[in-house]
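A.B. asks: To be precise about what I am sending: the file is called protein_5.txt and holds compact mmCIF, C-alpha atoms.
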# COMPACT_ATOMS: atom_id res chain seq x y z
CA MET A 1404 -68.39 -31.03 92.98
CA THR A 1405 -64.99 -29.42 93.30
CA ALA A 1406 -62.44 -30.94 90.99
CA VAL A 1407 -58.86 -30.59 92.15
CA PHE A 1408 -57.45 -31.07 88.66
CA HIS A 1409 -58.29 -29.49 85.34
CA PRO A 1410 -57.79 -30.42 81.68
CA GLY A 1411 -54.15 -30.00 80.77
CA ASP A 1412 -52.80 -30.60 84.30
CA ARG A 1413 -49.90 -33.05 84.54
CA VAL A 1414 -50.66 -35.71 87.13
CA ARG A 1415 -48.94 -38.76 88.54
CA VAL A 1416 -50.80 -41.91 89.51
CA ILE A 1417 -49.66 -42.90 92.99
CA ARG A 1418 -47.62 -46.04 93.12
CA THR A 1419 -49.35 -48.20 95.70
CA HIS A 1420 -50.74 -51.73 95.58
CA PRO A 1421 -53.44 -51.85 98.23
CA PRO A 1422 -55.46 -55.02 98.79
CA GLY A 1423 -59.10 -55.15 97.85
CA HIS A 1424 -61.08 -53.95 94.89
CA ARG A 1425 -59.31 -51.23 92.89
CA ARG A 1426 -60.02 -49.87 89.43
CA THR A 1427 -56.61 -48.34 88.83
CA PRO A 1428 -54.68 -50.92 86.82
CA TYR A 1429 -51.22 -52.04 87.87
CA TYR A 1430 -49.61 -50.93 84.61
CA ILE A 1431 -50.53 -47.26 85.12
CA ARG A 1432 -49.52 -46.87 88.77
CA GLY A 1433 -46.62 -44.48 89.17
CA LYS A 1434 -47.00 -43.10 85.65
CA VAL A 1435 -47.38 -39.48 84.63
CA GLY A 1436 -50.10 -38.28 82.29
CA GLU A 1437 -52.30 -35.32 81.51
CA ILE A 1438 -55.91 -34.64 82.47
CA GLU A 1439 -57.88 -34.92 79.26
CA ARG A 1440 -61.23 -34.12 80.89
CA VAL A 1441 -63.15 -34.13 84.14
CA CYS A 1442 -65.79 -36.86 84.12
CA GLY A 1443 -68.03 -35.86 87.00
CA ALA A 1444 -68.24 -37.33 90.50
CA HIS A 1445 -69.31 -40.91 91.20
CA PRO A 1446 -69.71 -43.13 94.25
CA ASN A 1447 -66.38 -44.82 94.95
CA PRO A 1448 -66.32 -48.31 93.37
CA GLU A 1449 -63.73 -49.42 95.95
CA GLU A 1450 -66.45 -49.04 98.58
CA LEU A 1451 -69.42 -50.14 96.47
CA ALA A 1452 -67.62 -53.44 96.03
CA TYR A 1453 -68.20 -54.24 99.70
CA GLY A 1454 -71.80 -53.07 99.97
CA PHE A 1455 -71.10 -49.53 101.15
CA ASP A 1456 -72.74 -46.57 99.47
CA GLY A 1457 -69.44 -45.20 98.17
CA LEU A 1458 -70.24 -41.66 99.27
CA PRO A 1459 -69.07 -38.97 99.27
CA ALA A 1460 -68.69 -39.23 95.51
CA LYS A 1461 -65.19 -39.04 94.10
CA VAL A 1462 -64.22 -37.01 91.04
CA LEU A 1463 -63.31 -39.13 88.01
CA TYR A 1464 -60.88 -37.99 85.32
CA ARG A 1465 -59.91 -39.23 81.90
CA VAL A 1466 -56.14 -39.16 82.02
CA ARG A 1467 -54.10 -39.42 78.84
CA PHE A 1468 -50.70 -41.09 78.93
CA ARG A 1469 -48.10 -41.24 76.17
CA GLN A 1470 -47.47 -44.91 75.47
CA LYS A 1471 -43.72 -44.27 75.37
CA GLU A 1472 -43.95 -43.02 78.97
CA VAL A 1473 -45.91 -46.07 80.11
CA TRP A 1474 -43.97 -48.92 78.49
CA GLU A 1475 -40.19 -49.13 78.43
CA SER A 1476 -40.02 -50.66 75.00
CA TYR A 1477 -43.08 -49.22 73.25
CA ALA A 1478 -42.50 -49.60 69.53
CA GLY A 1479 -45.12 -47.27 68.05
CA PRO A 1480 -44.97 -43.52 67.32
CA ASP A 1481 -44.67 -40.85 70.05
CA SER A 1482 -48.24 -39.75 69.43
CA ASP A 1483 -49.76 -43.08 70.54
CA THR A 1484 -51.59 -42.75 73.84
CA VAL A 1485 -53.61 -44.70 76.35
CA ASP A 1486 -56.55 -43.00 78.09
CA VAL A 1487 -57.50 -44.37 81.49
CA ASP A 1488 -60.44 -43.33 83.68
CA ILE A 1489 -58.90 -42.64 87.11
CA TYR A 1490 -60.34 -41.40 90.38
CA GLU A 1491 -59.01 -38.27 92.03
CA HIS A 1492 -57.65 -39.97 95.15
CA TRP A 1493 -55.20 -41.93 92.97
CA LEU A 1494 -53.72 -38.76 91.48
CA ARG A 1495 -51.12 -36.22 92.59
CA PRO A 1496 -49.81 -33.17 90.77
CA ALA A 1497 -46.77 -34.12 88.70
CA MET B 1099 -72.08 -61.49 86.04
CA ALA B 1100 -71.28 -57.84 85.95
CA ALA B 1101 -74.58 -56.16 85.13
CA ASP B 1102 -72.88 -53.40 83.25
CA GLU B 1103 -76.00 -52.13 81.60
CA ARG B 1104 -78.91 -51.67 83.87
CA GLY B 1105 -82.36 -51.22 82.40
CA HIS B 1106 -85.04 -48.97 83.72
CA ASP B 1107 -88.02 -51.22 83.24
CA HIS B 1108 -88.38 -52.73 86.64
CA ASP B 1109 -92.00 -53.41 87.31
CA HIS B 1110 -92.83 -53.18 90.97
CA ASP B 1111 -95.49 -55.82 91.14
CA HIS B 1112 -94.01 -58.09 93.74
CA ASP B 1113 -96.54 -60.79 93.18
CA HIS B 1114 -97.72 -62.46 96.32
CA ASP B 1115 -98.96 -65.66 94.76
CA HIS B 1116 -96.62 -68.34 95.97
CA GLU B 1117 -95.21 -70.15 93.01
CA HIS B 1118 -96.30 -73.77 93.12
CA PRO B 1119 -93.29 -76.07 93.45
CA HIS B 1120 -94.16 -77.89 90.26
CA ASP B 1121 -94.89 -74.82 88.20
CA HIS B 1122 -93.42 -73.65 84.94
CA ASP B 1123 -90.30 -72.16 86.54
CA ARG B 1124 -89.15 -75.58 87.65
CA THR B 1125 -89.16 -76.91 84.17
CA PHE B 1126 -86.22 -76.39 81.93
CA GLN B 1127 -84.88 -77.42 78.62
CA PRO B 1128 -81.49 -79.00 78.80
CA ASP B 1129 -79.25 -77.10 76.41
CA ILE B 1130 -78.13 -80.25 74.67
CA GLU B 1131 -80.63 -83.08 75.02
CA ASP B 1132 -78.16 -85.89 75.56
CA ALA B 1133 -75.25 -84.20 77.31
CA PRO B 1134 -75.39 -83.87 81.08
CA PRO B 1135 -75.35 -80.27 82.29
CA GLY B 1136 -72.14 -78.78 83.63
CA ARG B 1137 -71.77 -77.49 87.17
CA TYR B 1138 -72.50 -73.88 86.31
CA GLU B 1139 -75.52 -74.70 84.22
CA LEU B 1140 -76.93 -76.60 87.21
CA MET B 1141 -75.96 -73.75 89.49
CA THR B 1142 -77.83 -71.27 87.31
CA TYR B 1143 -81.05 -73.31 87.42
CA ALA B 1144 -80.68 -73.85 91.16
CA ILE B 1145 -80.11 -70.14 91.78
CA ARG B 1146 -83.17 -69.31 89.70
CA GLU B 1147 -85.39 -71.73 91.58
CA LEU B 1148 -84.19 -70.67 95.01
CA LEU B 1149 -84.51 -66.95 94.25
CA VAL B 1150 -88.02 -67.33 92.89
CA GLU B 1151 -89.15 -69.59 95.75
CA LYS B 1152 -87.82 -67.18 98.33
CA GLY B 1153 -89.48 -64.20 96.64
CA HIS B 1154 -86.28 -62.44 95.54
CA LEU B 1155 -87.25 -62.55 91.88
CA THR B 1156 -90.25 -63.49 89.81
CA GLY B 1157 -90.27 -65.49 86.61
CA GLU B 1158 -91.61 -62.41 84.87
CA GLU B 1159 -88.67 -60.25 85.93
CA ILE B 1160 -86.28 -62.88 84.64
CA ARG B 1161 -88.11 -63.16 81.34
CA LYS B 1162 -88.08 -59.38 80.92
CA ALA B 1163 -84.36 -59.32 81.67
CA GLN B 1164 -83.79 -61.96 78.98
CA GLU B 1165 -85.78 -59.91 76.49
CA LYS B 1166 -83.70 -56.88 77.32
CA ILE B 1167 -80.53 -58.82 76.56
CA ASP B 1168 -82.05 -59.81 73.21
CA SER B 1169 -82.62 -56.15 72.39
CA TRP B 1170 -78.94 -55.34 72.71
CA GLU B 1171 -77.44 -55.71 69.27
CA PRO B 1172 -74.70 -54.12 67.19
CA SER B 1173 -77.36 -53.01 64.71
CA GLN B 1174 -78.32 -50.39 67.29
CA GLY B 1175 -74.84 -48.94 67.27
CA ALA B 1176 -74.68 -49.13 63.47
CA ARG B 1177 -77.88 -47.13 63.14
CA ILE B 1178 -76.49 -44.44 65.42
CA VAL B 1179 -73.22 -44.24 63.49
CA ALA B 1180 -75.04 -44.00 60.16
CA ARG B 1181 -77.15 -41.17 61.53
CA ALA B 1182 -74.09 -39.35 62.84
CA TRP B 1183 -72.48 -39.63 59.41
CA THR B 1184 -75.45 -38.01 57.70
CA ASP B 1185 -76.68 -35.57 60.36
CA PRO B 1186 -73.99 -33.15 61.67
CA GLU B 1187 -76.30 -31.79 64.38
CA PHE B 1188 -76.95 -35.27 65.75
CA LYS B 1189 -73.24 -36.08 65.58
CA LYS B 1190 -72.46 -32.99 67.65
CA ARG B 1191 -75.02 -34.00 70.29
CA LEU B 1192 -73.75 -37.57 70.25
CA LEU B 1193 -70.18 -36.49 70.96
CA GLU B 1194 -71.28 -34.11 73.70
CA ASP B 1195 -73.72 -36.41 75.51
CA GLY B 1196 -74.00 -39.97 74.27
CA ASN B 1197 -76.85 -40.95 76.60
CA ASP B 1198 -78.97 -38.01 75.55
CA ALA B 1199 -78.49 -38.55 71.82
CA MET B 1200 -78.94 -42.33 72.05
CA ALA B 1201 -82.18 -41.98 73.99
CA GLU B 1202 -83.73 -41.05 70.64
CA TYR B 1203 -83.15 -44.65 69.59
CA GLY B 1204 -84.61 -46.06 72.78
CA ILE B 1205 -81.19 -46.96 74.16
CA GLU B 1206 -81.24 -47.17 77.94
CA PRO B 1207 -77.68 -47.71 79.16
CA GLY B 1208 -78.74 -47.76 82.80
CA GLY B 1209 -75.97 -46.45 84.99
CA ALA B 1210 -73.41 -46.23 82.19
CA LYS B 1211 -72.32 -42.96 80.61
CA MET B 1212 -72.10 -43.63 76.87
CA THR B 1213 -69.06 -41.84 75.55
CA VAL B 1214 -68.53 -41.67 71.80
CA VAL B 1215 -64.99 -41.17 70.53
CA GLU B 1216 -64.43 -40.12 66.95
CA ASN B 1217 -61.90 -41.63 64.56
CA THR B 1218 -60.27 -38.98 62.38
CA ASP B 1219 -57.49 -38.84 59.80
CA LYS B 1220 -55.16 -38.32 62.78
CA VAL B 1221 -56.56 -40.70 65.41
CA GLN B 1222 -57.67 -44.34 65.57
CA ASN B 1223 -59.48 -45.14 68.81
CA VAL B 1224 -59.55 -48.66 70.29
CA ILE B 1225 -61.56 -49.79 73.32
CA VAL B 1226 -60.69 -52.33 76.01
CA CYS B 1227 -61.38 -53.09 79.64
CA THR B 1228 -58.16 -54.63 80.95
CA LEU B 1229 -59.56 -55.52 84.37
CA CYS B 1230 -62.69 -57.37 83.27
CA SER B 1231 -64.58 -56.75 80.03
CA CYS B 1232 -66.77 -53.70 80.37
CA TYR B 1233 -68.39 -53.02 77.03
CA PRO B 1234 -71.20 -50.79 75.69
CA ARG B 1235 -73.72 -53.62 75.75
CA ALA B 1236 -76.78 -51.46 75.21
CA VAL B 1237 -75.61 -50.53 71.70
CA LEU B 1238 -73.35 -53.42 70.75
CA GLY B 1239 -74.84 -56.43 72.48
CA LEU B 1240 -72.69 -58.77 74.53
CA PRO B 1241 -68.96 -58.63 73.84
CA PRO B 1242 -67.39 -61.17 71.49
CA ASP B 1243 -65.10 -63.87 72.86
CA TRP B 1244 -61.96 -62.10 71.63
CA TYR B 1245 -62.82 -58.89 73.50
CA ARG B 1246 -63.21 -60.86 76.72
CA SER B 1247 -60.05 -62.89 76.14
CA LYS B 1248 -56.99 -62.51 78.33
CA ASN B 1249 -54.89 -62.05 75.21
CA TYR B 1250 -56.81 -58.99 74.02
CA ARG B 1251 -57.04 -57.47 77.49
CA SER B 1252 -53.30 -57.94 78.09
CA ARG B 1253 -51.93 -56.94 74.70
CA VAL B 1254 -54.05 -54.14 73.26
CA VAL B 1255 -52.83 -51.59 75.83
CA ILE B 1256 -49.13 -52.38 75.26
CA GLU B 1257 -49.04 -53.26 71.55
CA PRO B 1258 -52.25 -51.95 69.96
CA ARG B 1259 -50.85 -51.76 66.44
CA GLU B 1260 -49.80 -55.40 66.48
CA VAL B 1261 -53.22 -56.42 67.80
CA LEU B 1262 -54.98 -54.36 65.14
CA LYS B 1263 -52.85 -56.10 62.49
CA GLU B 1264 -54.32 -59.41 63.64
CA PHE B 1265 -57.71 -57.97 62.74
CA GLY B 1266 -56.36 -56.91 59.35
CA THR B 1267 -56.12 -53.24 60.33
CA GLU B 1268 -52.96 -51.26 59.66
CA VAL B 1269 -52.64 -47.78 61.09
CA PRO B 1270 -49.98 -45.58 59.45
CA ASP B 1271 -47.36 -43.96 61.65
CA ASP B 1272 -48.64 -40.46 60.93
CA MET B 1273 -51.83 -41.38 62.81
CA ALA B 1274 -52.03 -41.87 66.57
CA VAL B 1275 -53.57 -44.98 68.08
CA ARG B 1276 -55.50 -44.02 71.19
CA VAL B 1277 -56.44 -46.91 73.48
CA HIS B 1278 -59.27 -46.35 75.97
CA ASP B 1279 -59.19 -48.54 79.07
CA SER B 1280 -62.79 -48.25 80.25
CA LEU B 1281 -62.62 -49.00 83.95
CA ALA B 1282 -65.28 -46.77 85.45
CA ASP B 1283 -68.85 -45.89 84.52
CA LEU B 1284 -67.98 -44.56 81.07
CA ARG B 1285 -68.71 -46.94 78.20
CA TYR B 1286 -66.93 -46.13 74.99
CA LEU B 1287 -68.24 -46.43 71.45
CA VAL B 1288 -65.99 -45.63 68.50
CA LEU B 1289 -67.47 -43.44 65.77
CA PRO B 1290 -65.56 -44.80 62.78
CA ARG B 1291 -64.66 -42.66 59.78
CA ARG B 1292 -67.08 -42.66 56.92
CA PRO B 1293 -65.26 -44.27 54.03
CA GLU B 1294 -64.80 -42.80 50.56
CA GLY B 1295 -67.23 -43.99 47.94
CA THR B 1296 -70.34 -43.73 50.13
CA GLU B 1297 -71.56 -40.38 48.90
CA GLY B 1298 -75.32 -40.30 48.52
CA TRP B 1299 -75.86 -43.57 50.45
CA SER B 1300 -78.96 -43.86 52.62
CA GLU B 1301 -78.63 -44.33 56.38
CA GLU B 1302 -79.72 -47.93 55.87
CA GLN B 1303 -76.98 -48.61 53.35
CA LEU B 1304 -74.41 -46.93 55.56
CA ALA B 1305 -75.48 -48.88 58.66
CA ARG B 1306 -74.77 -52.12 56.79
CA ILE B 1307 -71.05 -51.40 56.61
CA VAL B 1308 -70.78 -50.41 60.27
CA THR B 1309 -69.81 -53.69 61.90
CA ARG B 1310 -69.37 -54.29 65.59
CA ASP B 1311 -65.61 -54.44 65.16
CA THR B 1312 -65.53 -50.93 63.67
CA MET B 1313 -67.30 -49.58 66.77
CA VAL B 1314 -64.73 -51.18 69.08
CA GLY B 1315 -61.99 -49.74 66.91
CA VAL B 1316 -60.19 -52.88 65.76
CA ALA B 1317 -61.47 -52.49 62.21
CA ASN B 1318 -62.61 -49.71 59.90
CA PRO B 1319 -65.71 -49.74 57.67
CA ASP B 1320 -65.20 -51.25 54.26
CA VAL B 1321 -67.43 -50.23 51.34
CA ASP B 1322 -67.02 -53.63 49.74
CA ARG B 1323 -68.24 -55.51 52.77
CA ALA B 1324 -71.93 -56.34 53.16
CA GLY B 1325 -71.59 -55.78 56.88
CA SER B 1326 -72.56 -58.11 59.72
CA MET C 1026 -42.48 -57.04 79.20
CA PRO C 1027 -43.52 -56.97 82.86
CA SER C 1028 -43.53 -60.33 84.64
CA LYS C 1029 -46.59 -61.93 86.05
CA ASN C 1030 -45.02 -62.05 89.47
CA ASP C 1031 -45.37 -58.36 90.30
CA PRO C 1032 -46.21 -58.09 93.97
CA GLY C 1033 -49.58 -56.53 94.57
CA ARG C 1034 -50.91 -57.32 91.09
CA GLY C 1035 -54.26 -59.07 91.14
CA TYR C 1036 -54.64 -62.05 88.80
CA HIS C 1037 -57.30 -60.12 86.88
CA ASP C 1038 -55.08 -57.06 86.45
CA ILE C 1039 -53.38 -58.15 83.26
CA GLY C 1040 -52.88 -55.06 81.10
CA GLY C 1041 -49.43 -55.25 79.53
CA LEU C 1042 -48.63 -58.87 80.34
CA ASP C 1043 -47.29 -61.24 77.69
CA ALA C 1044 -49.99 -63.12 75.85
CA GLY C 1045 -50.56 -64.92 72.59
CA ALA C 1046 -52.54 -64.31 69.42
CA ILE C 1047 -56.08 -62.99 69.69
CA PRO C 1048 -58.50 -65.93 69.57
CA MET C 1049 -60.92 -65.10 66.79
CA GLU C 1050 -63.43 -67.95 67.10
CA THR C 1051 -66.78 -66.73 68.36
CA THR C 1052 -69.20 -68.81 70.34
CA ASP C 1053 -72.88 -68.14 70.74
CA MET C 1054 -74.25 -67.64 74.20
CA LYS C 1055 -75.91 -70.81 75.49
CA PRO C 1056 -79.41 -70.50 76.95
CA TRP C 1057 -78.20 -71.13 80.50
CA GLU C 1058 -75.57 -68.42 80.06
CA LYS C 1059 -78.23 -65.94 78.99
CA LEU C 1060 -80.35 -67.02 81.94
CA SER C 1061 -77.44 -66.42 84.32
CA THR C 1062 -76.86 -62.97 82.83
CA ALA C 1063 -80.57 -62.18 83.04
CA ILE C 1064 -80.77 -63.20 86.69
CA SER C 1065 -77.78 -61.02 87.48
CA ASN C 1066 -79.25 -58.05 85.62
CA ALA C 1067 -82.65 -58.54 87.25
CA LEU C 1068 -81.01 -58.50 90.70
CA GLY C 1069 -78.84 -55.52 89.86
CA ARG C 1070 -79.19 -51.79 89.82
CA GLY C 1071 -81.83 -51.67 87.08
CA GLY C 1072 -83.89 -54.38 88.79
CA ARG C 1073 -84.23 -55.34 92.42
CA GLY C 1074 -81.08 -53.51 93.48
CA ILE C 1075 -79.91 -56.44 95.62
CA PHE C 1076 -76.32 -56.01 94.53
CA VAL C 1077 -74.20 -53.81 92.28
CA THR C 1078 -71.74 -54.67 89.53
CA ASP C 1079 -68.82 -53.63 91.72
CA GLU C 1080 -69.63 -56.41 94.18
CA SER C 1081 -69.60 -59.10 91.52
CA ARG C 1082 -66.32 -57.75 90.11
CA ARG C 1083 -64.81 -57.90 93.57
CA ALA C 1084 -66.09 -61.43 94.02
CA ARG C 1085 -64.43 -62.41 90.75
CA GLU C 1086 -61.16 -60.88 91.95
CA GLN C 1087 -61.23 -62.72 95.26
CA MET C 1088 -62.30 -66.20 94.14
CA GLY C 1089 -58.68 -67.18 93.61
CA ASP C 1090 -56.69 -68.38 90.65
CA PRO C 1091 -57.48 -71.24 90.28
CA PRO C 1092 -60.38 -71.23 89.63
CA TYR C 1093 -60.34 -67.82 87.88
CA SER C 1094 -58.29 -68.88 84.83
CA ASP C 1095 -59.86 -72.33 84.59
CA LEU C 1096 -63.44 -71.13 84.36
CA GLU C 1097 -65.01 -69.86 81.19
CA TYR C 1098 -66.46 -66.36 81.05
CA PHE C 1099 -70.05 -67.19 82.00
CA GLU C 1100 -68.95 -69.79 84.54
CA ARG C 1101 -66.88 -67.11 86.23
CA ALA C 1102 -69.79 -64.71 86.08
CA THR C 1103 -72.10 -67.27 87.68
CA GLU C 1104 -69.54 -68.10 90.34
CA SER C 1105 -69.13 -64.39 91.18
CA MET C 1106 -72.86 -63.92 91.42
CA LYS C 1107 -73.14 -66.98 93.68
CA ILE C 1108 -70.45 -65.61 96.00
CA VAL C 1109 -72.29 -62.30 96.39
CA LEU C 1110 -75.69 -63.92 96.89
CA LEU C 1111 -74.30 -66.24 99.57
CA GLU C 1112 -72.71 -63.25 101.31
CA LYS C 1113 -76.07 -61.51 101.35
CA GLY C 1114 -77.76 -64.58 102.77
CA LEU C 1115 -80.29 -65.01 99.98
CA PHE C 1116 -79.74 -68.74 100.24
CA THR C 1117 -77.16 -71.01 101.87
CA ALA C 1118 -74.42 -73.04 100.24
CA GLU C 1119 -76.13 -76.21 101.49
CA GLU C 1120 -79.43 -75.20 99.91
CA LEU C 1121 -77.66 -74.48 96.66
CA GLU C 1122 -75.69 -77.73 96.51
CA SER C 1123 -78.71 -79.80 97.43
CA ARG C 1124 -80.87 -78.08 94.81
CA MET C 1125 -78.18 -78.58 92.18
CA LYS C 1126 -78.11 -82.31 92.95
CA GLU C 1127 -81.88 -82.47 92.74
CA ILE C 1128 -81.95 -80.70 89.40
CA GLU C 1129 -79.22 -82.95 88.08
CA GLN C 1130 -81.36 -85.95 88.96
CA ARG C 1131 -84.46 -84.41 87.41
CA MET C 1132 -82.62 -83.72 84.20
CA ALA C 1133 -81.20 -87.25 84.10
CA GLU C 1134 -84.77 -88.59 84.38
CA VAL C 1135 -85.85 -86.43 81.46
CA ARG C 1136 -83.01 -87.71 79.34
CA LYS C 1137 -83.87 -91.37 79.91
Show me, as structure tokens, the structure contained in the file I just sent.
C.D. replies:
Amino acid sequence: MTAVFHPGDRVRVIRTHPPGHRRTPYYIRGKVGEIERVCGAHPNPEELAYGFDGLPAKVLYRVRFRQKEVWESYAGPDSDTVDVDIYEHWLRPA
Amino acid sequence: MAADERGHDHDHDHDHDHEHPHDHDRTFQPDIEDAPPGRYELMTYAIRELLVEKGHLTGEEIRKAQEKIDSWEPSQGARIVARAWTDPEFKKRLLEDGNDAMAEYGIEPGGAKMTVVENTDKVQNVIVCTLCSCYPRAVLGLPPDWYRSKNYRSRVVIEPREVLKEFGTEVPDDMAVRVHDSLADLRYLVLPRRPEGTEGWSEEQLARIVTRDTMVGVANPDVDRAGS
Amino acid sequence: MPSKNDPGRGYHDIGGLDAGAIPMETTDMKPWEKLSTAISNALGRGGRGIFVTDESRRAREQMGDPPYSDLEYFERATESMKIVLLEKGLFTAEELESRMKEIEQRMAEVRK
């Protein structure tokens, strides 16, 4: 498994709204966060959803986002974050 | 239903005896004696009968699957937390590889990767699955109604502190609230902070104050509470 | 707060949308709900491997809204499972409907 990103890398979730089964939530698309850790490679759920084997496996990351950078009017402290498990093909370097 | 936890005990005896049409699997107990069954209750019985008749499942496999569901309870998670509080070596293993550490307790999360996140004096973790309601069933049982509700799924990512207040939990501003949206194969369990006043307690006593809500992160253990 | 009418947002994809107080009442799982869950688990990855969780999620996301919001949790789960099993040809919709009618009659007899 070759991971393109590493812990600490700043990444942007691509802003696209494709049809079909996706596990990247609407609220995080287009946002910038930081790789918190690499979570191994897994068969792609977007393909598994239709009966395919989902291979080759895609690298999964835990990406940490500052809440203030996700929501325009986030009321809590700067240190509040949301961690989302995102697949590599949804990420670009920021 | 999303089979988020898959068990390992699949016995391969595809029995070849054709189930007699009037056998035990065709009988049922209406959930409420006098109320007619709803559409989905009927659908469930019909699916069961058709699958068994056509050889896609046996009654035994279904019974075993029901037993497995019964074995999933928050007391499992509580036991693991109590152990982590009293055994630093176990806690280290638990944080590094949840599946490996939990195997000691007979937990079989199937395809899920159990990921334990630790509450500290700086961080309060909270778990959600905004897209459906993925949940660490193998250690917490089935998720409560509120966890599955649209209101929780919508609001906890955008206003976690307000949601926590509804559970009676206030997080000071010098602590970070870290929400985990568990959308892939990782299943999160919160390791709550061991409260003051529990020095010298046995694992059993400690487990009693580790409620399900403290392992989802919407509450913190309370020494005065008997625990659920 | 973001509006519900974002183009490209699935009806299940609700993180960040406006919503009310957290409903705290808990309900116990009914026996038929446990049975439905058990059947799904027995057919899944840890059992017969006839379908995977991802397929039932996708089925839930494509059933439409309605009925998505109108169904309760286990009703939705059963509906999703049905969709996947019909796709895989394990039984037909006609067989299912006819069996449901038959069971309904059987249960009515028992209640008399």
A.B. asks: Give one line per residue of chain A that approaches chain C to at most 12 Å, naming the two atoms of the closest pair and their distance in Å to one decimal, counting only C-alpha atoms; sort by chain then ascending residue number and deliver it as a Markdown table.
C.D. replies:
| residue | atom | partner | partner_atom | distance |
| --- | --- | --- | --- | --- |
| A:Arg1418 | CA | C:Gly1033 | CA | 10.8 |
| A:Thr1419 | CA | C:Gly1033 | CA | 8.4 |
| A:His1420 | CA | C:Gly1033 | CA | 5.0 |
| A:Pro1421 | CA | C:Gly1033 | CA | 7.1 |
| A:Pro1422 | CA | C:Gly1033 | CA | 7.4 |
| A:Gly1423 | CA | C:Arg1083 | CA | 7.6 |
| A:His1424 | CA | C:Arg1083 | CA | 5.6 |
| A:Arg1425 | CA | C:Arg1083 | CA | 8.7 |
| A:Arg1426 | CA | C:Asp1038 | CA | 9.2 |
| A:Thr1427 | CA | C:Asp1038 | CA | 9.2 |
| A:Pro1428 | CA | C:Asp1038 | CA | 6.2 |
| A:Tyr1429 | CA | C:Arg1034 | CA | 6.2 |
| A:Tyr1430 | CA | C:Gly1040 | CA | 6.3 |
| A:Ile1431 | CA | C:Gly1040 | CA | 9.1 |
| A:Arg1432 | CA | C:Arg1034 | CA | 10.8 |
| A:Pro1446 | CA | C:Asp1079 | CA | 10.8 |
| A:Asn1447 | CA | C:Asp1079 | CA | 9.7 |
| A:Pro1448 | CA | C:Asp1079 | CA | 6.1 |
| A:Glu1449 | CA | C:Asp1079 | CA | 7.8 |
| A:Glu1450 | CA | C:Asp1079 | CA | 8.6 |
| A:Leu1451 | CA | C:Asp1079 | CA | 5.9 |
| A:Ala1452 | CA | C:Glu1080 | CA | 4.0 |
| A:Tyr1453 | CA | C:Glu1080 | CA | 6.1 |
| A:Gly1454 | CA | C:Glu1080 | CA | 7.0 |
| A:Phe1455 | CA | C:Glu1080 | CA | 9.9 |
| A:Asp1456 | CA | C:Val1077 | CA | 10.3 |
| A:Gly1457 | CA | C:Asp1079 | CA | 10.6 |
| A:Gln1470 | CA | C:Gly1041 | CA | 11.3 |
| A:Val1473 | CA | C:Gly1041 | CA | 9.8 |
| A:Trp1474 | CA | C:Met1026 | CA | 8.3 |
| A:Glu1475 | CA | C:Met1026 | CA | 8.3 |
| A:Ser1476 | CA | C:Met1026 | CA | 8.0 |
| A:Tyr1477 | CA | C:Met1026 | CA | 9.8 |
| A:Val1485 | CA | C:Gly1040 | CA | 11.4 |
| A:Val1487 | CA | C:Gly1040 | CA | 11.7 |
A.B. asks: Atoms to include: C-alpha atoms. Write the selected residues as a CSV table (one decimal), in the frame of the given file.
C.D. replies:
chain,number,residue,atom,x,y,z
A,1418,ARG,CA,-47.6,-46.0,93.1
A,1419,THR,CA,-49.4,-48.2,95.7
A,1420,HIS,CA,-50.7,-51.7,95.6
A,1421,PRO,CA,-53.4,-51.8,98.2
A,1422,PRO,CA,-55.5,-55.0,98.8
A,1423,GLY,CA,-59.1,-55.2,97.8
A,1424,HIS,CA,-61.1,-54.0,94.9
A,1425,ARG,CA,-59.3,-51.2,92.9
A,1426,ARG,CA,-60.0,-49.9,89.4
A,1427,THR,CA,-56.6,-48.3,88.8
A,1428,PRO,CA,-54.7,-50.9,86.8
A,1429,TYR,CA,-51.2,-52.0,87.9
A,1430,TYR,CA,-49.6,-50.9,84.6
A,1431,ILE,CA,-50.5,-47.3,85.1
A,1432,ARG,CA,-49.5,-46.9,88.8
A,1446,PRO,CA,-69.7,-43.1,94.2
A,1447,ASN,CA,-66.4,-44.8,95.0
A,1448,PRO,CA,-66.3,-48.3,93.4
A,1449,GLU,CA,-63.7,-49.4,96.0
A,1450,GLU,CA,-66.4,-49.0,98.6
A,1451,LEU,CA,-69.4,-50.1,96.5
A,1452,ALA,CA,-67.6,-53.4,96.0
A,1453,TYR,CA,-68.2,-54.2,99.7
A,1454,GLY,CA,-71.8,-53.1,100.0
A,1455,PHE,CA,-71.1,-49.5,101.2
A,1456,ASP,CA,-72.7,-46.6,99.5
A,1457,GLY,CA,-69.4,-45.2,98.2
A,1470,GLN,CA,-47.5,-44.9,75.5
A,1473,VAL,CA,-45.9,-46.1,80.1
A,1474,TRP,CA,-44.0,-48.9,78.5
A,1475,GLU,CA,-40.2,-49.1,78.4
A,1476,SER,CA,-40.0,-50.7,75.0
A,1477,TYR,CA,-43.1,-49.2,73.2
A,1485,VAL,CA,-53.6,-44.7,76.4
A,1487,VAL,CA,-57.5,-44.4,81.5
A.B. asks: Just how far from CA of Val1414 (chain A) is CA of Glu1437 (chain A), in Å to one decimal?
C.D. replies: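 Pair CA of Glu1437 (chain A) / CA of Val1414 (chain A) returns 5.9 Å.
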A.B. asks: Tell me which of B:Val1269, B:Leu1289, B:Leu1240, B:Ile1205 sits closest to Ile1167 (chain B), counting only C-alpha atoms.
C.D. replies: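 Nearest to Ile1167 (chain B): B:Leu1240.
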